[in-house]
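For reference, query_18.cif is printed below; it contains mmCIF, C-alpha atoms.
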```cif
data_entry
#
loop_
_atom_site.label_atom_id
_atom_site.label_comp_id
_atom_site.auth_asym_id
_atom_site.auth_seq_id
_atom_site.Cartn_x
_atom_site.Cartn_y
_atom_site.Cartn_z
CA MET A 1 -22.25 -21.85 122.84
CA LEU A 2 -20.42 -21.16 119.61
CA LEU A 3 -17.16 -19.21 119.42
CA LEU A 4 -15.45 -18.14 116.21
CA VAL A 5 -11.75 -17.32 116.48
CA LEU A 6 -11.36 -14.22 114.30
CA GLY A 7 -7.69 -13.62 115.04
CA THR A 8 -4.82 -14.85 117.20
CA ALA A 9 -2.00 -12.30 116.87
CA ALA A 10 -0.70 -9.70 119.28
CA GLY A 11 -0.23 -6.04 118.35
CA GLY A 12 0.73 -5.44 114.74
CA GLY A 13 -0.57 -8.79 113.52
CA ILE A 14 1.55 -11.30 111.63
CA PRO A 15 3.15 -10.13 109.44
CA GLN A 16 3.61 -6.71 111.00
CA TRP A 17 3.74 -4.07 108.28
CA ASN A 18 7.17 -2.68 109.21
CA CYS A 19 8.88 -5.89 110.33
CA ALA A 20 11.16 -8.23 108.38
CA CYS A 21 11.85 -10.66 111.22
CA PRO A 22 11.83 -14.39 110.35
CA SER A 23 8.23 -14.82 111.51
CA CYS A 24 6.89 -11.88 109.51
CA SER A 25 8.97 -12.74 106.43
CA GLY A 26 7.77 -16.34 106.75
CA ALA A 27 4.15 -15.21 106.88
CA ARG A 28 4.64 -13.14 103.73
CA ALA A 29 6.14 -16.12 101.94
CA HIS A 30 3.53 -18.52 103.34
CA PRO A 31 0.16 -16.76 103.61
CA ASP A 32 -1.29 -19.62 105.66
CA ARG A 33 0.92 -18.43 108.54
CA ARG A 34 -0.72 -15.00 108.63
CA ARG A 35 -2.58 -14.10 111.81
CA ARG A 36 -4.99 -11.24 112.36
CA HIS A 37 -5.26 -9.41 115.67
CA ALA A 38 -6.72 -11.52 118.48
CA SER A 39 -10.51 -11.48 118.58
CA LEU A 40 -13.55 -13.71 119.02
CA ALA A 41 -17.11 -13.74 117.77
CA VAL A 42 -19.64 -15.13 120.24
CA ARG A 43 -23.11 -16.27 119.15
CA THR A 44 -25.77 -15.16 121.62
CA HIS A 45 -28.84 -16.14 119.62
CA ASP A 46 -29.68 -17.26 116.10
CA GLY A 47 -28.45 -14.48 113.86
CA ARG A 48 -26.92 -12.37 116.67
CA TRP A 49 -23.22 -12.14 117.48
CA TYR A 50 -21.00 -10.09 119.79
CA LEU A 51 -17.38 -9.44 118.85
CA VAL A 52 -14.78 -9.57 121.61
CA ASN A 53 -12.43 -6.65 121.01
CA ALA A 54 -12.54 -4.36 118.00
CA THR A 55 -9.21 -4.77 116.24
CA PRO A 56 -7.76 -2.89 113.26
CA ASP A 57 -8.64 -6.03 111.26
CA ILE A 58 -12.33 -5.94 112.17
CA GLY A 59 -13.58 -5.34 108.62
CA ASP A 60 -11.63 -8.28 107.20
CA GLN A 61 -12.53 -10.42 110.20
CA ILE A 62 -16.23 -9.85 109.59
CA GLU A 63 -15.86 -10.51 105.87
CA SER A 64 -14.00 -13.77 106.57
CA ARG A 65 -17.06 -15.30 108.27
CA PRO A 66 -20.35 -15.72 106.36
CA GLU A 67 -22.17 -15.87 109.71
CA LEU A 68 -21.23 -12.21 110.25
CA HIS A 69 -22.23 -10.95 106.81
CA PRO A 70 -25.13 -8.47 106.52
CA GLY A 71 -28.59 -9.41 105.29
CA PRO A 72 -31.26 -10.18 104.40
CA GLY A 73 -32.02 -6.47 104.63
CA PRO A 74 -29.57 -4.15 102.86
CA ARG A 75 -28.29 -2.69 106.15
CA GLN A 76 -29.18 -5.53 108.51
CA THR A 77 -26.18 -6.90 110.39
CA PRO A 78 -25.90 -9.86 112.76
CA VAL A 79 -23.21 -8.00 114.75
CA ALA A 80 -25.13 -6.95 117.85
CA GLY A 81 -22.29 -5.33 119.78
CA LEU A 82 -18.73 -5.34 121.07
CA VAL A 83 -17.11 -6.50 124.31
CA LEU A 84 -13.73 -5.06 125.28
CA THR A 85 -11.16 -6.76 127.49
CA ASP A 86 -9.01 -3.62 127.78
CA ALA A 87 -8.40 -0.18 126.27
CA GLU A 88 -5.29 -0.97 124.21
CA LEU A 89 -5.30 0.41 120.68
CA ASP A 90 -5.00 -3.08 119.19
CA HIS A 91 -8.33 -3.96 120.79
CA THR A 92 -10.25 -0.72 120.24
CA LEU A 93 -9.23 0.97 116.97
CA GLY A 94 -11.76 -1.15 115.09
CA ILE A 95 -14.66 0.65 116.79
CA ALA A 96 -14.18 3.53 114.36
CA ARG A 97 -14.37 1.06 111.45
CA LEU A 98 -18.00 0.41 112.40
CA ARG A 99 -19.08 4.05 111.98
CA GLU A 100 -21.44 3.08 109.13
CA ALA A 101 -23.67 1.24 111.62
CA ASP A 102 -26.97 2.74 112.75
CA GLY A 103 -25.69 2.25 116.29
CA ILE A 104 -22.88 0.51 118.17
CA GLU A 105 -23.20 -1.06 121.61
CA VAL A 106 -19.96 -1.41 123.56
CA VAL A 107 -19.65 -3.47 126.74
CA ALA A 108 -16.62 -2.47 128.83
CA THR A 109 -15.41 -1.71 132.34
CA GLY A 110 -15.53 1.84 133.64
CA PRO A 111 -11.79 2.53 133.26
CA VAL A 112 -11.83 1.33 129.65
CA ARG A 113 -14.91 3.40 128.78
CA ARG A 114 -13.45 6.55 130.34
CA ALA A 115 -10.13 6.10 128.54
CA LEU A 116 -11.82 5.80 125.16
CA LEU A 117 -14.12 8.75 125.77
CA ASP A 118 -11.82 11.11 127.68
CA ARG A 119 -8.42 10.27 126.19
CA LEU A 120 -9.20 9.16 122.62
CA HIS A 121 -12.39 11.25 122.41
CA LEU A 122 -14.02 8.37 120.59
CA GLY A 123 -17.51 9.63 121.41
CA ASP A 124 -16.81 13.02 119.84
CA VAL A 125 -15.24 11.44 116.77
CA LEU A 126 -18.10 9.03 116.11
CA ALA A 127 -21.04 11.26 117.07
CA PRO A 128 -21.41 12.74 113.55
CA TYR A 129 -21.56 9.22 112.09
CA THR A 130 -23.37 6.90 114.47
CA ARG A 131 -24.74 6.46 117.97
CA VAL A 132 -22.53 4.65 120.48
CA THR A 133 -24.14 3.21 123.61
CA TRP A 134 -22.12 1.90 126.52
CA ARG A 135 -22.94 -0.89 128.93
CA GLU A 136 -20.95 -1.75 132.04
CA LEU A 137 -19.23 -5.13 132.01
CA PRO A 138 -20.21 -6.90 135.24
CA ARG A 139 -17.27 -7.51 137.56
CA HIS A 140 -19.21 -8.87 140.51
CA GLY A 141 -21.60 -11.59 139.48
CA ALA A 142 -22.73 -12.03 135.91
CA GLY A 143 -25.16 -10.36 133.56
CA PRO A 144 -26.68 -11.11 130.15
CA LEU A 145 -24.34 -10.64 127.24
CA ASP A 146 -27.30 -9.91 124.97
CA PRO A 147 -30.12 -8.27 126.98
CA GLY A 148 -33.58 -9.40 126.01
CA THR A 149 -32.47 -12.95 125.26
CA SER A 150 -32.20 -15.93 127.60
CA GLY A 151 -28.75 -16.74 126.35
CA LEU A 152 -25.18 -16.28 127.50
CA GLN A 153 -24.13 -14.73 130.78
CA ILE A 154 -20.92 -12.71 130.95
CA SER A 155 -18.65 -11.45 133.68
CA GLY A 156 -15.28 -9.72 133.75
CA ILE A 157 -12.45 -10.95 135.96
CA PRO A 158 -9.84 -8.24 136.66
CA VAL A 159 -6.36 -9.51 135.80
CA SER A 160 -4.27 -6.35 135.48
CA GLY A 161 -4.12 -2.67 136.27
CA LYS A 162 -1.96 -2.04 133.20
CA ARG A 163 -3.05 1.15 131.44
CA PRO A 164 -2.46 1.84 127.76
CA ARG A 165 0.33 4.31 127.01
CA TYR A 166 -2.09 7.06 126.02
CA ALA A 167 -3.67 6.81 129.49
CA ALA A 168 -0.53 6.11 131.52
CA ASP A 169 -1.42 8.82 134.06
CA ALA A 170 -5.04 7.74 134.48
CA ALA A 171 -6.39 6.60 137.83
CA ALA A 172 -5.28 3.18 139.02
CA ASP A 173 -7.85 0.41 138.83
CA ASP A 174 -7.53 -3.37 138.79
CA ALA A 175 -10.04 -3.62 135.94
CA TRP A 176 -8.03 -1.98 133.19
CA VAL A 177 -7.57 -5.49 131.81
CA VAL A 178 -10.08 -8.28 132.35
CA ALA A 179 -10.61 -11.89 131.42
CA LEU A 180 -14.09 -12.77 130.18
CA ARG A 181 -16.14 -15.64 131.60
CA LEU A 182 -18.97 -16.76 129.32
CA TYR A 183 -21.62 -19.10 130.70
CA ASP A 184 -24.40 -20.80 128.74
CA PRO A 185 -27.29 -21.61 131.11
CA VAL A 186 -28.87 -23.89 128.51
CA SER A 187 -25.93 -26.25 127.96
CA GLY A 188 -24.11 -25.48 131.20
CA ALA A 189 -20.90 -24.80 129.25
CA THR A 190 -18.39 -22.17 130.32
CA ALA A 191 -15.61 -20.49 128.33
CA LEU A 192 -12.82 -18.28 129.65
CA TYR A 193 -11.09 -15.78 127.35
CA ALA A 194 -8.02 -13.88 128.56
CA PRO A 195 -5.89 -12.49 125.69
CA ALA A 196 -3.78 -10.38 128.07
CA LEU A 197 -2.60 -11.68 131.45
CA ALA A 198 -0.21 -9.89 133.76
CA ALA A 199 -1.14 -12.04 136.75
CA TRP A 200 -3.09 -15.16 137.67
CA PRO A 201 -5.37 -14.18 140.57
CA ASP A 202 -7.36 -16.68 142.63
CA ARG A 203 -10.62 -15.71 140.94
CA LEU A 204 -9.14 -16.49 137.54
CA GLN A 205 -7.90 -19.85 138.81
CA GLN A 206 -11.39 -20.71 140.03
CA ALA A 207 -12.94 -19.70 136.70
CA ALA A 208 -10.35 -21.76 134.82
CA GLU A 209 -11.08 -24.82 136.95
CA GLU A 210 -14.81 -24.48 136.21
CA ALA A 211 -14.41 -23.84 132.47
CA ASP A 212 -14.86 -26.22 129.58
CA CYS A 213 -12.62 -24.13 127.32
CA VAL A 214 -9.83 -21.71 128.29
CA ILE A 215 -8.23 -19.37 125.74
CA VAL A 216 -5.36 -17.36 127.18
CA ASP A 217 -2.49 -15.00 126.55
CA GLY A 218 0.32 -16.60 124.55
CA THR A 219 2.09 -13.36 123.61
CA PHE A 220 5.60 -14.52 124.58
CA TRP A 221 7.06 -18.02 124.90
CA ASP A 222 9.36 -17.16 127.80
CA ASP A 223 10.00 -14.21 130.07
CA GLU A 224 13.26 -13.10 128.42
CA GLU A 225 11.89 -13.17 124.86
CA PRO A 226 11.30 -9.38 124.52
CA ARG A 227 14.85 -8.59 125.68
CA ARG A 228 16.45 -11.45 123.77
CA THR A 229 14.82 -10.40 120.50
CA GLY A 230 15.51 -6.71 121.07
CA ILE A 231 11.92 -5.45 121.00
CA SER A 232 12.01 -4.18 124.59
CA GLU A 233 14.26 -3.71 127.59
CA ARG A 234 11.55 -5.25 129.75
CA THR A 235 10.68 -8.89 130.31
CA ALA A 236 7.38 -10.42 129.22
CA THR A 237 5.91 -10.01 132.69
CA GLY A 238 7.26 -6.47 132.78
CA MET A 239 5.27 -5.79 129.62
CA GLY A 240 2.10 -7.17 131.20
CA HIS A 241 2.09 -10.70 129.75
CA LEU A 242 2.69 -13.92 131.62
CA PRO A 243 4.93 -16.12 129.46
CA VAL A 244 3.92 -19.57 128.25
CA ASP A 245 7.03 -21.40 129.46
CA GLY A 246 9.16 -21.17 132.59
CA PRO A 247 8.61 -21.23 136.35
CA ASP A 248 6.11 -18.36 136.20
CA GLY A 249 4.62 -19.48 132.89
CA THR A 250 1.04 -20.49 132.23
CA ALA A 251 1.65 -23.85 130.53
CA GLU A 252 2.04 -25.83 133.74
CA ARG A 253 -1.07 -24.20 135.20
CA LEU A 254 -3.14 -24.99 132.14
CA ALA A 255 -1.89 -28.57 131.95
CA ARG A 256 -3.52 -29.27 135.31
CA LEU A 257 -6.97 -28.21 134.10
CA SER A 258 -9.63 -30.50 132.68
CA ALA A 259 -10.69 -27.86 130.15
CA ARG A 260 -9.61 -27.65 126.53
CA CYS A 261 -6.84 -25.02 126.65
CA LEU A 262 -5.57 -22.88 123.79
CA TYR A 263 -3.16 -19.99 123.37
CA THR A 264 -3.92 -16.79 121.47
CA HIS A 265 -2.46 -13.26 121.09
CA LEU A 266 0.91 -14.48 119.74
CA ASN A 267 3.64 -11.90 119.19
CA ASN A 268 5.72 -12.09 116.02
CA THR A 269 8.76 -12.97 118.16
CA ASN A 270 7.06 -16.07 119.59
CA PRO A 271 8.42 -19.33 118.09
CA LEU A 272 4.87 -20.72 118.13
CA VAL A 273 4.20 -18.55 115.06
CA ASP A 274 6.19 -21.13 113.08
CA PRO A 275 4.03 -24.27 112.73
CA ALA A 276 7.21 -26.40 112.57
CA ALA A 277 8.69 -25.03 115.80
CA PRO A 278 9.47 -27.74 118.41
CA GLU A 279 7.61 -25.72 121.03
CA HIS A 280 4.36 -27.01 119.54
CA LYS A 281 5.31 -30.56 120.47
CA ARG A 282 6.14 -29.46 124.00
CA LEU A 283 2.67 -27.98 124.35
CA ALA A 284 1.05 -31.03 122.78
CA ARG A 285 2.70 -33.28 125.39
CA LEU A 286 0.95 -31.14 128.03
CA GLY A 287 -2.37 -31.42 126.20
CA LEU A 288 -2.32 -27.76 125.14
CA GLU A 289 -3.05 -26.13 121.77
CA VAL A 290 -2.41 -22.94 119.85
CA ALA A 291 -5.58 -21.37 118.49
CA SER A 292 -5.70 -20.62 114.77
CA ASP A 293 -7.55 -17.98 112.81
CA GLY A 294 -10.88 -19.31 111.59
CA MET A 295 -11.20 -21.96 114.29
CA GLU A 296 -14.72 -22.80 115.50
CA ILE A 297 -15.28 -23.90 119.11
CA GLU A 298 -18.68 -25.29 120.04
CA LEU A 299 -19.44 -26.01 123.67
#
```

With the file now loaded, output its structure as structure tokens.
Amino acid sequence: MLLLVLGTAAGGGIPQWNCACPSCSGARAHPDRRRRHASLAVRTHDGRWYLVNATPDIGDQIESRPELHPGPGPRQTPVAGLVLTDAELDHTLGIARLREADGIEVVATGPVRRALLDRLHLGDVLAPYTRVTWRELPRHGAGPLDPGTSGLQISGIPVSGKRPRYAADAAADDAWVVALRLYDPVSGATALYAPALAAWPDRLQQAAEEADCVIVDGTFWDDEEPRRTGISERTATGMGHLPVDGPDGTAERLARLSARCLYTHLNNTNPLVDPAAPEHKRLARLGLEVASDGMEIEL
């Protein structure tokens, strides 16, 4: 199994276009600190890749990786499809960027599909340009990520019923936000990807204990960060993100796992955005890492 980390930032990226906070100003002054929106590329077969989440940076993310470049035919692309963990704009706006494709396959849960079709009218918008096909993300058991191949198996683990703002009145469902479990039957390796976590259910704990690599939500360092920095009147958990540090944080949970554990989806208020921040040493003492754009993970 090969994973390419295409981005590691929360909504707005780093720097965020309308923000002059220390993290965003630092990223402008030091381009190596820039982070694109959180996303992965997953190789399912030689020359075939699925992208996890379609961010506003999707064009640049594809261009940044030679493995994702088109060819040898003039319109032949190795990007076989998309997998969505939720319906948030930061994870779905990039679908429209792929309108030049002959067709787009999107793997998502029912609530996510309905939000994009009924609320954003994505099907109507893209119909004059390309054909979009939808496939249900398995929630009970696993299914092939890339049908027709003997490769990776995928399943979605519900972790939150948080709906995006544009669908705030939509029907409740625990699968609005899911973690992805990827299993390679050839190598026996398992990866868990959860860029947004509002809770840590038992099923997620079991998947984390079985995984070889766990990449999880690192949006906020601590629960009070959104209120302390003035970006929200809610706490991190109130915004649908378990914090890294603190009694309800994820760091202590991850430190008990045998898997390689990394954080992604960093907000621009998170001190981990600064590579010199002491919080990195605190994570290192627990055996934890912060994922970086461009990182390759082979399992």

Result set of the PyMOL selection byres ((chain A and resi 128) around 12) on the coordinates above, as a VMD selection string: chain A and resid 96 99 to 103 122 to 127 129 to 132

With the file shown as input, list the residues that the PyMOL selection byres ((chain A and resi 41) around 8) selects, as a CSV table (one decimal) with C-alpha atoms, in the coordinates of the input.
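Written output follows (result23.csv):
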```csv
chain,number,residue,atom,x,y,z
A,3,LEU,CA,-17.2,-19.2,119.4
A,4,LEU,CA,-15.4,-18.1,116.2
A,5,VAL,CA,-11.8,-17.3,116.5
A,6,LEU,CA,-11.4,-14.2,114.3
A,39,SER,CA,-10.5,-11.5,118.6
A,40,LEU,CA,-13.6,-13.7,119.0
A,42,VAL,CA,-19.6,-15.1,120.2
A,43,ARG,CA,-23.1,-16.3,119.2
A,49,TRP,CA,-23.2,-12.1,117.5
A,50,TYR,CA,-21.0,-10.1,119.8
A,51,LEU,CA,-17.4,-9.4,118.8
A,52,VAL,CA,-14.8,-9.6,121.6
```

For this file, the PyMOL selection byres ((chain A and resi 156-160) around 9) selects which residues, as a ChimeraX atom specification? /A:85,108-109,137-142,154-155,161-163,173-181,194,196-201,203-204,207,240

Create the file for the chosen residues now, containing C-alpha atoms and written as a compact mmCIF listing (two decimals), in the frame of the given file.
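Dumped everything to result-v8.txt:
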```
# COMPACT_ATOMS: atom_id res chain seq x y z
CA THR A 85 -11.16 -6.76 127.49
CA ALA A 108 -16.62 -2.47 128.83
CA THR A 109 -15.41 -1.71 132.34
CA LEU A 137 -19.23 -5.13 132.01
CA PRO A 138 -20.21 -6.90 135.24
CA ARG A 139 -17.27 -7.51 137.56
CA HIS A 140 -19.21 -8.87 140.51
CA GLY A 141 -21.60 -11.59 139.48
CA ALA A 142 -22.73 -12.03 135.91
CA ILE A 154 -20.92 -12.71 130.95
CA SER A 155 -18.65 -11.45 133.68
CA GLY A 161 -4.12 -2.67 136.27
CA LYS A 162 -1.96 -2.04 133.20
CA ARG A 163 -3.05 1.15 131.44
CA ASP A 173 -7.85 0.41 138.83
CA ASP A 174 -7.53 -3.37 138.79
CA ALA A 175 -10.04 -3.62 135.94
CA TRP A 176 -8.03 -1.98 133.19
CA VAL A 177 -7.57 -5.49 131.81
CA VAL A 178 -10.08 -8.28 132.35
CA ALA A 179 -10.61 -11.89 131.42
CA LEU A 180 -14.09 -12.77 130.18
CA ARG A 181 -16.14 -15.64 131.60
CA ALA A 194 -8.02 -13.88 128.56
CA ALA A 196 -3.78 -10.38 128.07
CA LEU A 197 -2.60 -11.68 131.45
CA ALA A 198 -0.21 -9.89 133.76
CA ALA A 199 -1.14 -12.04 136.75
CA TRP A 200 -3.09 -15.16 137.67
CA PRO A 201 -5.37 -14.18 140.57
CA ARG A 203 -10.62 -15.71 140.94
CA LEU A 204 -9.14 -16.49 137.54
CA ALA A 207 -12.94 -19.70 136.70
CA GLY A 240 2.10 -7.17 131.20
```

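Of the residues under consideration (A:Leu262, A:Met295, A:Ile104, A:Met1), A:Leu262 shows the shortest atom-to-atom contact distance to His280 of chain A when counting all atoms listed in the file.
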
Extract, using all atoms listed in the file, all DNA, RNA and protein residues at most 12 Å from Ala27 of chain A, discarding same-chain residues fewer than 3 positions from it, and format them as a compact mmCIF listing (two decimals) with C-alpha atoms, in the frame of the given file.
```
# COMPACT_ATOMS: atom_id res chain seq x y z
CA GLY A 13 -0.57 -8.79 113.52
CA ILE A 14 1.55 -11.30 111.63
CA PRO A 15 3.15 -10.13 109.44
CA GLN A 16 3.61 -6.71 111.00
CA TRP A 17 3.74 -4.07 108.28
CA CYS A 19 8.88 -5.89 110.33
CA ALA A 20 11.16 -8.23 108.38
CA CYS A 21 11.85 -10.66 111.22
CA PRO A 22 11.83 -14.39 110.35
CA SER A 23 8.23 -14.82 111.51
CA CYS A 24 6.89 -11.88 109.51
CA HIS A 30 3.53 -18.52 103.34
CA PRO A 31 0.16 -16.76 103.61
CA ASP A 32 -1.29 -19.62 105.66
CA ARG A 33 0.92 -18.43 108.54
CA ARG A 34 -0.72 -15.00 108.63
CA ARG A 35 -2.58 -14.10 111.81
CA ARG A 36 -4.99 -11.24 112.36
CA ASN A 268 5.72 -12.09 116.02
CA VAL A 273 4.20 -18.55 115.06
CA ASP A 274 6.19 -21.13 113.08
CA PRO A 275 4.03 -24.27 112.73
```

Looking at all atoms listed in the file, which of A:Leu93, A:Val186, A:Leu299, A:Ala29 is the one that sits closest to Asp57 of chain A?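 Selected residue with least distance to Asp57 of chain A: A:Leu93.
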
Record the distance separating atom CA of His241 of chain A and atom CA of Ala38 of chain A, expressed in Å with one decimal. 14.3 Å

Selected residue, from A:Val107, A:Arg234, A:Gly59, A:Val214, that lies nearest to Gly143 of chain A when counting all atoms listed in the file: A:Val107

Measuring atom to atom with all atoms listed in the file, identify which of A:Asp217, A:Asp223, A:Glu233, A:Glu209 is nearest to Leu257 of chain A. A:Glu209

Nearest to Thr250 of chain A among A:Leu288, A:Leu120, A:Ala10, A:Leu82, with distances taken over all atoms listed in the file: which residue is it?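 Of A:Leu288, A:Leu120, A:Ala10, A:Leu82, the one nearest Thr250 of chain A, counting all atoms listed in the file, is A:Leu288.
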
Please determine, counting all atoms listed in the file, which residue among A:Ala284, A:Leu145, A:Cys261, A:Ala115 has the shortest atom-to-atom distance to Arg48 of chain A.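 Ranked by minimum distance to Arg48 of chain A, first place goes to A:Leu145.
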
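What separates atom CA of Gly11 of chain A from atom CA of Ser232 of chain A is a distance of 13.9 Å.
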
How far is it from atom CA of Glu67 of chain A to atom CA of Leu182 of chain A, in Å with one decimal? 19.9 Å

Neighbour list for Thr149 of chain A as a list in words, cut-off 10 Å, only C-alpha atoms, skip fewer than 3 positions in-chain: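 Here the answer would be Thr44, His45, Pro144, Leu145, Asp146 and Leu152 of chain A.
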
Could you give me the centre and size, in Å to one decimal, of an axis-aligned box around all listed atoms of segment 125-132 of chain A with 6 Å added on every side, as AutoDock Vina command-line options?
```
--center_x -20.0 --center_y 8.7 --center_z 116.3 --size_x 21.5 --size_y 20.1 --size_z 20.4
```

N, CA and C atoms are what I want for segment 218-233 of chain A; can you complete it accordingly and write them as a PDB file, in the frame of the given file?
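The resulting file, out_17.pdb, is reproduced below:
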```
ATOM      1  N   GLY A 218      -0.890 -15.894 124.961  1.00  0.00           N
ATOM      2  CA  GLY A 218       0.320 -16.600 124.550  1.00  0.00           C
ATOM      3  C   GLY A 218       1.297 -15.661 123.877  1.00  0.00           C
ATOM      4  N   THR A 219       1.292 -14.390 124.288  1.00  0.00           N
ATOM      5  CA  THR A 219       2.090 -13.360 123.610  1.00  0.00           C
ATOM      6  C   THR A 219       3.547 -13.788 123.463  1.00  0.00           C
ATOM      7  N   PHE A 220       4.172 -14.181 124.586  1.00  0.00           N
ATOM      8  CA  PHE A 220       5.600 -14.520 124.580  1.00  0.00           C
ATOM      9  C   PHE A 220       5.799 -15.955 125.081  1.00  0.00           C
ATOM     10  N   TRP A 221       6.761 -16.650 124.481  1.00  0.00           N
ATOM     11  CA  TRP A 221       7.060 -18.020 124.900  1.00  0.00           C
ATOM     12  C   TRP A 221       7.705 -18.042 126.272  1.00  0.00           C
ATOM     13  N   ASP A 222       8.695 -17.191 126.496  1.00  0.00           N
ATOM     14  CA  ASP A 222       9.360 -17.160 127.800  1.00  0.00           C
ATOM     15  C   ASP A 222       9.568 -15.728 128.233  1.00  0.00           C
ATOM     16  N   ASP A 223       9.959 -15.549 129.481  1.00  0.00           N
ATOM     17  CA  ASP A 223      10.000 -14.210 130.070  1.00  0.00           C
ATOM     18  C   ASP A 223      11.058 -13.316 129.434  1.00  0.00           C
ATOM     19  N   GLU A 224      12.164 -13.894 128.971  1.00  0.00           N
ATOM     20  CA  GLU A 224      13.260 -13.100 128.420  1.00  0.00           C
ATOM     21  C   GLU A 224      13.088 -12.799 126.928  1.00  0.00           C
ATOM     22  N   GLU A 225      12.054 -13.318 126.311  1.00  0.00           N
ATOM     23  CA  GLU A 225      11.890 -13.170 124.860  1.00  0.00           C
ATOM     24  C   GLU A 225      11.940 -11.713 124.382  1.00  0.00           C
ATOM     25  N   PRO A 226      11.235 -10.767 125.015  1.00  0.00           N
ATOM     26  CA  PRO A 226      11.300  -9.380 124.520  1.00  0.00           C
ATOM     27  C   PRO A 226      12.717  -8.811 124.540  1.00  0.00           C
ATOM     28  N   ARG A 227      13.479  -9.112 125.586  1.00  0.00           N
ATOM     29  CA  ARG A 227      14.850  -8.590 125.680  1.00  0.00           C
ATOM     30  C   ARG A 227      15.785  -9.339 124.737  1.00  0.00           C
ATOM     31  N   ARG A 228      15.587 -10.659 124.638  1.00  0.00           N
ATOM     32  CA  ARG A 228      16.450 -11.450 123.770  1.00  0.00           C
ATOM     33  C   ARG A 228      16.293 -11.064 122.303  1.00  0.00           C
ATOM     34  N   THR A 229      15.084 -10.744 121.898  1.00  0.00           N
ATOM     35  CA  THR A 229      14.820 -10.400 120.500  1.00  0.00           C
ATOM     36  C   THR A 229      14.985  -8.913 120.214  1.00  0.00           C
ATOM     37  N   GLY A 230      15.231  -8.122 121.264  1.00  0.00           N
ATOM     38  CA  GLY A 230      15.510  -6.710 121.070  1.00  0.00           C
ATOM     39  C   GLY A 230      14.303  -5.813 120.900  1.00  0.00           C
ATOM     40  N   ILE A 231      13.101  -6.307 121.187  1.00  0.00           N
ATOM     41  CA  ILE A 231      11.920  -5.450 121.000  1.00  0.00           C
ATOM     42  C   ILE A 231      11.627  -4.603 122.234  1.00  0.00           C
ATOM     43  N   SER A 232      12.258  -4.929 123.368  1.00  0.00           N
ATOM     44  CA  SER A 232      12.010  -4.180 124.590  1.00  0.00           C
ATOM     45  C   SER A 232      13.142  -4.438 125.570  1.00  0.00           C
ATOM     46  N   GLU A 233      13.312  -3.506 126.505  1.00  0.00           N
ATOM     47  CA  GLU A 233      14.260  -3.710 127.590  1.00  0.00           C
ATOM     48  C   GLU A 233      13.604  -4.393 128.777  1.00  0.00           C
TER      49      GLU A 233
END
```
